[in-house]
file input06.txt (compact mmCIF, N, CA and C atoms)
# COMPACT_ATOMS: atom_id res chain seq x y z
N MET Z 12 -51.12 23.09 -49.00
CA MET Z 12 -49.79 22.59 -48.77
C MET Z 12 -49.51 22.57 -47.28
N ASN Z 13 -48.83 21.56 -46.87
CA ASN Z 13 -48.56 21.37 -45.46
C ASN Z 13 -47.19 21.93 -45.09
N VAL Z 14 -47.08 22.47 -43.90
CA VAL Z 14 -45.81 23.03 -43.44
C VAL Z 14 -44.80 21.90 -43.20
N ASP Z 15 -45.29 20.71 -42.93
CA ASP Z 15 -44.39 19.57 -42.70
C ASP Z 15 -43.51 19.30 -43.92
N LEU Z 16 -44.04 19.52 -45.10
CA LEU Z 16 -43.26 19.31 -46.31
C LEU Z 16 -42.06 20.25 -46.35
N ILE Z 17 -42.25 21.48 -45.95
CA ILE Z 17 -41.15 22.46 -45.94
C ILE Z 17 -40.09 22.03 -44.93
N PHE Z 18 -40.53 21.56 -43.76
CA PHE Z 18 -39.59 21.10 -42.75
C PHE Z 18 -38.84 19.85 -43.21
N LYS Z 19 -39.52 18.95 -43.91
CA LYS Z 19 -38.85 17.75 -44.43
C LYS Z 19 -37.78 18.12 -45.45
N ILE Z 20 -38.11 19.04 -46.34
CA ILE Z 20 -37.14 19.48 -47.36
C ILE Z 20 -35.95 20.17 -46.70
N ALA Z 21 -36.23 21.00 -45.69
CA ALA Z 21 -35.14 21.67 -44.98
C ALA Z 21 -34.26 20.66 -44.25
N ALA Z 22 -34.85 19.66 -43.63
CA ALA Z 22 -34.08 18.64 -42.92
C ALA Z 22 -33.20 17.84 -43.89
N ILE Z 23 -33.75 17.50 -45.04
CA ILE Z 23 -32.97 16.79 -46.05
C ILE Z 23 -31.81 17.66 -46.51
N GLY Z 24 -32.06 18.95 -46.71
CA GLY Z 24 -31.00 19.86 -47.14
C GLY Z 24 -29.89 19.97 -46.12
N ILE Z 25 -30.25 20.07 -44.84
CA ILE Z 25 -29.23 20.18 -43.79
C ILE Z 25 -28.42 18.90 -43.70
N LEU Z 26 -29.09 17.75 -43.70
CA LEU Z 26 -28.37 16.48 -43.61
C LEU Z 26 -27.45 16.25 -44.80
N VAL Z 27 -27.92 16.58 -45.98
CA VAL Z 27 -27.11 16.37 -47.18
C VAL Z 27 -25.93 17.32 -47.20
N SER Z 28 -26.12 18.55 -46.74
CA SER Z 28 -25.00 19.48 -46.72
C SER Z 28 -23.92 19.03 -45.74
N ILE Z 29 -24.32 18.53 -44.58
CA ILE Z 29 -23.34 18.01 -43.62
C ILE Z 29 -22.63 16.79 -44.20
N LEU Z 30 -23.40 15.89 -44.79
CA LEU Z 30 -22.80 14.69 -45.39
C LEU Z 30 -21.88 15.06 -46.55
N ASN Z 31 -22.26 16.07 -47.30
CA ASN Z 31 -21.44 16.53 -48.42
C ASN Z 31 -20.10 17.06 -47.93
N VAL Z 32 -20.12 17.85 -46.86
CA VAL Z 32 -18.88 18.40 -46.31
C VAL Z 32 -17.98 17.27 -45.79
N VAL Z 33 -18.57 16.33 -45.08
CA VAL Z 33 -17.79 15.22 -44.53
C VAL Z 33 -17.16 14.39 -45.64
N LEU Z 34 -17.94 14.09 -46.66
CA LEU Z 34 -17.41 13.27 -47.76
C LEU Z 34 -16.36 14.03 -48.56
N THR Z 35 -16.55 15.32 -48.75
CA THR Z 35 -15.57 16.11 -49.50
C THR Z 35 -14.25 16.21 -48.72
N LYS Z 36 -14.34 16.40 -47.41
CA LYS Z 36 -13.13 16.50 -46.60
C LYS Z 36 -12.36 15.17 -46.55
N SER Z 37 -13.07 14.06 -46.70
CA SER Z 37 -12.41 12.76 -46.66
C SER Z 37 -11.90 12.34 -48.04
N GLY Z 38 -12.09 13.19 -49.05
CA GLY Z 38 -11.56 12.90 -50.38
C GLY Z 38 -12.47 12.08 -51.26
N ARG Z 39 -13.72 12.02 -50.94
CA ARG Z 39 -14.69 11.26 -51.75
C ARG Z 39 -15.66 12.21 -52.44
N GLU Z 40 -15.12 12.98 -53.36
CA GLU Z 40 -15.94 13.97 -54.05
C GLU Z 40 -17.03 13.34 -54.90
N GLU Z 41 -16.73 12.19 -55.51
CA GLU Z 41 -17.73 11.52 -56.34
C GLU Z 41 -18.91 11.05 -55.51
N MET Z 42 -18.62 10.50 -54.33
CA MET Z 42 -19.69 10.04 -53.46
C MET Z 42 -20.51 11.22 -52.94
N ALA Z 43 -19.86 12.35 -52.69
CA ALA Z 43 -20.57 13.54 -52.25
C ALA Z 43 -21.52 14.03 -53.34
N MET Z 44 -21.06 14.00 -54.58
CA MET Z 44 -21.91 14.42 -55.70
C MET Z 44 -23.10 13.48 -55.87
N MET Z 45 -22.86 12.19 -55.74
CA MET Z 45 -23.96 11.23 -55.88
C MET Z 45 -24.98 11.39 -54.74
N THR Z 46 -24.50 11.68 -53.55
CA THR Z 46 -25.41 11.92 -52.42
C THR Z 46 -26.27 13.16 -52.67
N THR Z 47 -25.65 14.19 -53.19
CA THR Z 47 -26.39 15.42 -53.49
C THR Z 47 -27.43 15.17 -54.58
N LEU Z 48 -27.04 14.45 -55.61
CA LEU Z 48 -27.99 14.15 -56.69
C LEU Z 48 -29.15 13.29 -56.19
N ALA Z 49 -28.87 12.33 -55.33
CA ALA Z 49 -29.93 11.49 -54.78
C ALA Z 49 -30.90 12.33 -53.94
N ALA Z 50 -30.37 13.26 -53.18
CA ALA Z 50 -31.23 14.13 -52.37
C ALA Z 50 -32.10 15.02 -53.24
N VAL Z 51 -31.53 15.53 -54.32
CA VAL Z 51 -32.31 16.36 -55.24
C VAL Z 51 -33.45 15.56 -55.86
N VAL Z 52 -33.17 14.33 -56.23
CA VAL Z 52 -34.22 13.47 -56.81
C VAL Z 52 -35.32 13.20 -55.79
N VAL Z 53 -34.94 12.92 -54.55
CA VAL Z 53 -35.94 12.65 -53.51
C VAL Z 53 -36.82 13.88 -53.28
N VAL Z 54 -36.21 15.05 -53.22
CA VAL Z 54 -36.99 16.28 -53.00
C VAL Z 54 -37.88 16.56 -54.20
N LEU Z 55 -37.37 16.34 -55.40
CA LEU Z 55 -38.21 16.56 -56.59
C LEU Z 55 -39.40 15.61 -56.61
N LEU Z 56 -39.21 14.38 -56.19
CA LEU Z 56 -40.34 13.45 -56.13
C LEU Z 56 -41.37 13.88 -55.08
N MET Z 57 -40.88 14.40 -53.95
CA MET Z 57 -41.81 14.89 -52.93
C MET Z 57 -42.61 16.07 -53.46
N VAL Z 58 -41.96 16.97 -54.16
CA VAL Z 58 -42.65 18.15 -54.70
C VAL Z 58 -43.58 17.74 -55.85
N ALA Z 59 -43.17 16.76 -56.64
CA ALA Z 59 -44.01 16.31 -57.75
C ALA Z 59 -45.33 15.74 -57.25
N LYS Z 60 -45.29 15.03 -56.12
CA LYS Z 60 -46.54 14.49 -55.56
C LYS Z 60 -47.49 15.63 -55.17
N GLU Z 61 -46.93 16.69 -54.62
CA GLU Z 61 -47.77 17.83 -54.23
C GLU Z 61 -48.32 18.55 -55.46
N ILE Z 62 -47.55 18.61 -56.53
CA ILE Z 62 -48.02 19.24 -57.77
C ILE Z 62 -49.16 18.43 -58.37
N VAL Z 63 -49.06 17.10 -58.31
CA VAL Z 63 -50.14 16.25 -58.80
C VAL Z 63 -51.41 16.49 -57.99
N LYS Z 64 -51.27 16.63 -56.68
CA LYS Z 64 -52.44 16.93 -55.84
C LYS Z 64 -53.05 18.28 -56.22
N LEU Z 65 -52.19 19.25 -56.50
CA LEU Z 65 -52.68 20.58 -56.91
C LEU Z 65 -53.46 20.50 -58.21
N PHE Z 66 -52.94 19.79 -59.19
CA PHE Z 66 -53.64 19.66 -60.47
C PHE Z 66 -54.95 18.90 -60.31
N ASP Z 67 -54.97 17.89 -59.45
CA ASP Z 67 -56.22 17.17 -59.20
C ASP Z 67 -57.26 18.08 -58.55
N THR Z 68 -56.82 18.93 -57.65
CA THR Z 68 -57.74 19.86 -57.00
C THR Z 68 -58.29 20.87 -58.00
N VAL Z 69 -57.43 21.40 -58.85
CA VAL Z 69 -57.89 22.35 -59.85
C VAL Z 69 -58.83 21.67 -60.85
N LYS Z 70 -58.50 20.45 -61.20
CA LYS Z 70 -59.35 19.68 -62.12
C LYS Z 70 -60.74 19.44 -61.51
N ALA Z 71 -60.77 19.09 -60.24
CA ALA Z 71 -62.05 18.87 -59.56
C ALA Z 71 -62.81 20.17 -59.38
N LEU Z 72 -62.10 21.26 -59.17
CA LEU Z 72 -62.74 22.55 -58.97
C LEU Z 72 -63.47 23.02 -60.23
N PHE Z 73 -62.84 22.83 -61.38
CA PHE Z 73 -63.45 23.27 -62.63
C PHE Z 73 -64.25 22.18 -63.33
N GLY Z 74 -64.27 20.98 -62.78
CA GLY Z 74 -65.12 19.91 -63.29
C GLY Z 74 -64.63 19.29 -64.58
N PHE Z 75 -63.34 19.17 -64.78
CA PHE Z 75 -62.83 18.54 -66.00
C PHE Z 75 -62.72 17.07 -65.85

call {"tool": "encode", "arguments": {"input": "input06.txt", "output": "structure tokens"}}
result
Amino acid sequence: MNVDLIFKIAAIGILVSILNVVLTKSGREEMAMMTTLAAVVVVLLMVAKEIVKLFDTVKALFGF
């Protein structure tokens, strides 16, 4: 696993939290929720790609 992935996830979290606060203060709670959900989906897709790589490595290691 690469350290860059952790930094990318942290950067997304910081940006989304700032955007969430700004949108909530301006009275757009629905848009803030949708932004948070979109960020969660993006991070889950990034993590899912790494999990697929892990399973491929384990599969190659044991020769399945």

call {"tool": "residues_near_point", "arguments": {"input": "input06.txt", "point": "(-24.5, 14.6, -51.9)", "cutoff": "8 Å", "atoms": "all atoms listed in the file", "output": "mmCIF file with N, CA and C atoms, keeping the file's coordinate frame"}}
result
data_model
loop_
_atom_site.group_PDB
_atom_site.id
_atom_site.type_symbol
_atom_site.label_atom_id
_atom_site.label_comp_id
_atom_site.auth_asym_id
_atom_site.auth_seq_id
_atom_site.Cartn_x
_atom_site.Cartn_y
_atom_site.Cartn_z
ATOM 1 N N LEU Z 26 -29.090 17.750 -43.700
ATOM 2 C CA LEU Z 26 -28.370 16.480 -43.610
ATOM 3 C C LEU Z 26 -27.450 16.250 -44.800
ATOM 4 N N VAL Z 27 -27.920 16.580 -45.980
ATOM 5 C CA VAL Z 27 -27.110 16.370 -47.180
ATOM 6 C C VAL Z 27 -25.930 17.320 -47.200
ATOM 7 N N SER Z 28 -26.120 18.550 -46.740
ATOM 8 C CA SER Z 28 -25.000 19.480 -46.720
ATOM 9 C C SER Z 28 -23.920 19.030 -45.740
ATOM 10 N N LEU Z 30 -23.400 15.890 -44.790
ATOM 11 C CA LEU Z 30 -22.800 14.690 -45.390
ATOM 12 C C LEU Z 30 -21.880 15.060 -46.550
ATOM 13 N N ASN Z 31 -22.260 16.070 -47.300
ATOM 14 C CA ASN Z 31 -21.440 16.530 -48.420
ATOM 15 C C ASN Z 31 -20.100 17.060 -47.930
ATOM 16 N N VAL Z 32 -20.120 17.850 -46.860
ATOM 17 C CA VAL Z 32 -18.880 18.400 -46.310
ATOM 18 C C VAL Z 32 -17.980 17.270 -45.790
ATOM 19 N N GLU Z 41 -16.730 12.190 -55.510
ATOM 20 C CA GLU Z 41 -17.730 11.520 -56.340
ATOM 21 C C GLU Z 41 -18.910 11.050 -55.510
ATOM 22 N N MET Z 42 -18.620 10.500 -54.330
ATOM 23 C CA MET Z 42 -19.690 10.040 -53.460
ATOM 24 C C MET Z 42 -20.510 11.220 -52.940
ATOM 25 N N ALA Z 43 -19.860 12.350 -52.690
ATOM 26 C CA ALA Z 43 -20.570 13.540 -52.250
ATOM 27 C C ALA Z 43 -21.520 14.030 -53.340
ATOM 28 N N MET Z 44 -21.060 14.000 -54.580
ATOM 29 C CA MET Z 44 -21.910 14.420 -55.700
ATOM 30 C C MET Z 44 -23.100 13.480 -55.870
ATOM 31 N N MET Z 45 -22.860 12.190 -55.740
ATOM 32 C CA MET Z 45 -23.960 11.230 -55.880
ATOM 33 C C MET Z 45 -24.980 11.390 -54.740
ATOM 34 N N THR Z 46 -24.500 11.680 -53.550
ATOM 35 C CA THR Z 46 -25.410 11.920 -52.420
ATOM 36 C C THR Z 46 -26.270 13.160 -52.670
ATOM 37 N N THR Z 47 -25.650 14.190 -53.190
ATOM 38 C CA THR Z 47 -26.390 15.420 -53.490
ATOM 39 C C THR Z 47 -27.430 15.170 -54.580
ATOM 40 N N LEU Z 48 -27.040 14.450 -55.610
ATOM 41 C CA LEU Z 48 -27.990 14.150 -56.690
ATOM 42 C C LEU Z 48 -29.150 13.290 -56.190
ATOM 43 N N ALA Z 49 -28.870 12.330 -55.330
ATOM 44 C CA ALA Z 49 -29.930 11.490 -54.780
ATOM 45 C C ALA Z 49 -30.900 12.330 -53.940
ATOM 46 N N ALA Z 50 -30.370 13.260 -53.180
ATOM 47 C CA ALA Z 50 -31.230 14.130 -52.370
ATOM 48 C C ALA Z 50 -32.100 15.020 -53.240
ATOM 49 N N VAL Z 51 -31.530 15.530 -54.320
ATOM 50 C CA VAL Z 51 -32.310 16.360 -55.240
ATOM 51 C C VAL Z 51 -33.450 15.560 -55.860
#

call {"tool": "atom_distance", "arguments": {"input": "input06.txt", "atom1": "atom C of Arg39 in chain Z", "atom2": "CA of Ala21 in chain Z"}}
result
22.9 Å

call {"tool": "atom_distance", "arguments": {"input": "input06.txt", "atom1": "CA of Ser37 in chain Z", "atom2": "CA of Leu56 in chain Z"}}
result
29.5 Å

call {"tool": "residues_near_point", "arguments": {"input": "input06.txt", "point": "(-37.2, 18.0, -46.5)", "cutoff": "12 Å", "atoms": "only C-alpha atoms", "output": "count of residues only"}}
result
24

call {"tool": "decode", "arguments": {"input": "input06.txt", "residues": "chain Z", "atoms": "C-alpha atoms", "output": "PDB file, in the first residue's frame"}}
result
ATOM      1  CA  MET Z  12       0.000   0.000   0.000  1.00  0.00           C
ATOM      2  CA  ASN Z  13       1.231   3.418  -0.886  1.00  0.00           C
ATOM      3  CA  VAL Z  14       1.374   6.338   1.534  1.00  0.00           C
ATOM      4  CA  ASP Z  15       0.009   8.582  -1.228  1.00  0.00           C
ATOM      5  CA  LEU Z  16      -3.362   6.880  -0.876  1.00  0.00           C
ATOM      6  CA  ILE Z  17      -3.556   7.888   2.787  1.00  0.00           C
ATOM      7  CA  PHE Z  18      -2.669  11.481   1.908  1.00  0.00           C
ATOM      8  CA  LYS Z  19      -5.291  11.544  -0.867  1.00  0.00           C
ATOM      9  CA  ILE Z  20      -7.986  10.277   1.502  1.00  0.00           C
ATOM     10  CA  ALA Z  21      -6.948  12.820   4.133  1.00  0.00           C
ATOM     11  CA  ALA Z  22      -7.025  15.644   1.575  1.00  0.00           C
ATOM     12  CA  ILE Z  23     -10.493  14.618   0.406  1.00  0.00           C
ATOM     13  CA  GLY Z  24     -11.657  14.524   4.020  1.00  0.00           C
ATOM     14  CA  ILE Z  25     -10.313  17.998   4.773  1.00  0.00           C
ATOM     15  CA  LEU Z  26     -11.786  19.520   1.614  1.00  0.00           C
ATOM     16  CA  VAL Z  27     -15.170  17.906   2.144  1.00  0.00           C
ATOM     17  CA  SER Z  28     -15.319  18.978   5.773  1.00  0.00           C
ATOM     18  CA  ILE Z  29     -14.588  22.599   4.825  1.00  0.00           C
ATOM     19  CA  LEU Z  30     -17.137  22.455   2.016  1.00  0.00           C
ATOM     20  CA  ASN Z  31     -19.653  20.862   4.371  1.00  0.00           C
ATOM     21  CA  VAL Z  32     -19.262  23.668   6.916  1.00  0.00           C
ATOM     22  CA  VAL Z  33     -19.589  26.355   4.238  1.00  0.00           C
ATOM     23  CA  LEU Z  34     -22.688  24.777   2.728  1.00  0.00           C
ATOM     24  CA  THR Z  35     -24.299  24.194   6.120  1.00  0.00           C
ATOM     25  CA  LYS Z  36     -23.693  27.796   7.198  1.00  0.00           C
ATOM     26  CA  SER Z  37     -25.259  29.063   3.968  1.00  0.00           C
ATOM     27  CA  GLY Z  38     -28.407  27.007   4.593  1.00  0.00           C
ATOM     28  CA  ARG Z  39     -27.844  24.282   2.021  1.00  0.00           C
ATOM     29  CA  GLU Z  40     -27.916  21.223   4.234  1.00  0.00           C
ATOM     30  CA  GLU Z  41     -29.102  18.943   1.429  1.00  0.00           C
ATOM     31  CA  MET Z  42     -26.203  19.950  -0.801  1.00  0.00           C
ATOM     32  CA  ALA Z  43     -23.780  19.429   2.095  1.00  0.00           C
ATOM     33  CA  MET Z  44     -25.132  15.908   2.618  1.00  0.00           C
ATOM     34  CA  MET Z  45     -24.851  15.089  -1.079  1.00  0.00           C
ATOM     35  CA  THR Z  46     -21.261  16.367  -1.127  1.00  0.00           C
ATOM     36  CA  THR Z  47     -20.399  14.190   1.851  1.00  0.00           C
ATOM     37  CA  LEU Z  48     -22.015  11.141   0.258  1.00  0.00           C
ATOM     38  CA  ALA Z  49     -20.162  11.738  -3.011  1.00  0.00           C
ATOM     39  CA  ALA Z  50     -16.860  11.962  -1.133  1.00  0.00           C
ATOM     40  CA  VAL Z  51     -17.588   8.731   0.721  1.00  0.00           C
ATOM     41  CA  VAL Z  52     -18.303   6.969  -2.573  1.00  0.00           C
ATOM     42  CA  VAL Z  53     -15.076   8.285  -4.121  1.00  0.00           C
ATOM     43  CA  VAL Z  54     -13.011   7.138  -1.135  1.00  0.00           C
ATOM     44  CA  LEU Z  55     -14.709   3.728  -1.118  1.00  0.00           C
ATOM     45  CA  LEU Z  56     -13.895   3.288  -4.801  1.00  0.00           C
ATOM     46  CA  MET Z  57     -10.266   4.208  -4.145  1.00  0.00           C
ATOM     47  CA  VAL Z  58     -10.067   1.683  -1.306  1.00  0.00           C
ATOM     48  CA  ALA Z  59     -11.887  -0.969  -3.346  1.00  0.00           C
ATOM     49  CA  LYS Z  60      -9.215  -0.760  -6.055  1.00  0.00           C
ATOM     50  CA  GLU Z  61      -6.537  -1.402  -3.440  1.00  0.00           C
ATOM     51  CA  ILE Z  62      -8.490  -4.355  -2.029  1.00  0.00           C
ATOM     52  CA  VAL Z  63      -8.717  -5.858  -5.520  1.00  0.00           C
ATOM     53  CA  LYS Z  64      -4.941  -5.508  -5.852  1.00  0.00           C
ATOM     54  CA  LEU Z  65      -4.513  -7.215  -2.478  1.00  0.00           C
ATOM     55  CA  PHE Z  66      -6.694 -10.157  -3.491  1.00  0.00           C
ATOM     56  CA  ASP Z  67      -4.841 -10.478  -6.795  1.00  0.00           C
ATOM     57  CA  THR Z  68      -1.539 -10.567  -4.939  1.00  0.00           C
ATOM     58  CA  VAL Z  69      -2.764 -13.212  -2.515  1.00  0.00           C
ATOM     59  CA  LYS Z  70      -4.201 -15.206  -5.407  1.00  0.00           C
ATOM     60  CA  ALA Z  71      -0.875 -15.075  -7.260  1.00  0.00           C
ATOM     61  CA  LEU Z  72       1.028 -15.934  -4.097  1.00  0.00           C
ATOM     62  CA  PHE Z  73      -0.922 -19.134  -3.488  1.00  0.00           C
ATOM     63  CA  GLY Z  74      -1.274 -19.996  -7.176  1.00  0.00           C
ATOM     64  CA  PHE Z  75      -5.059 -20.039  -7.502  1.00  0.00           C
TER      65      PHE Z  75
END
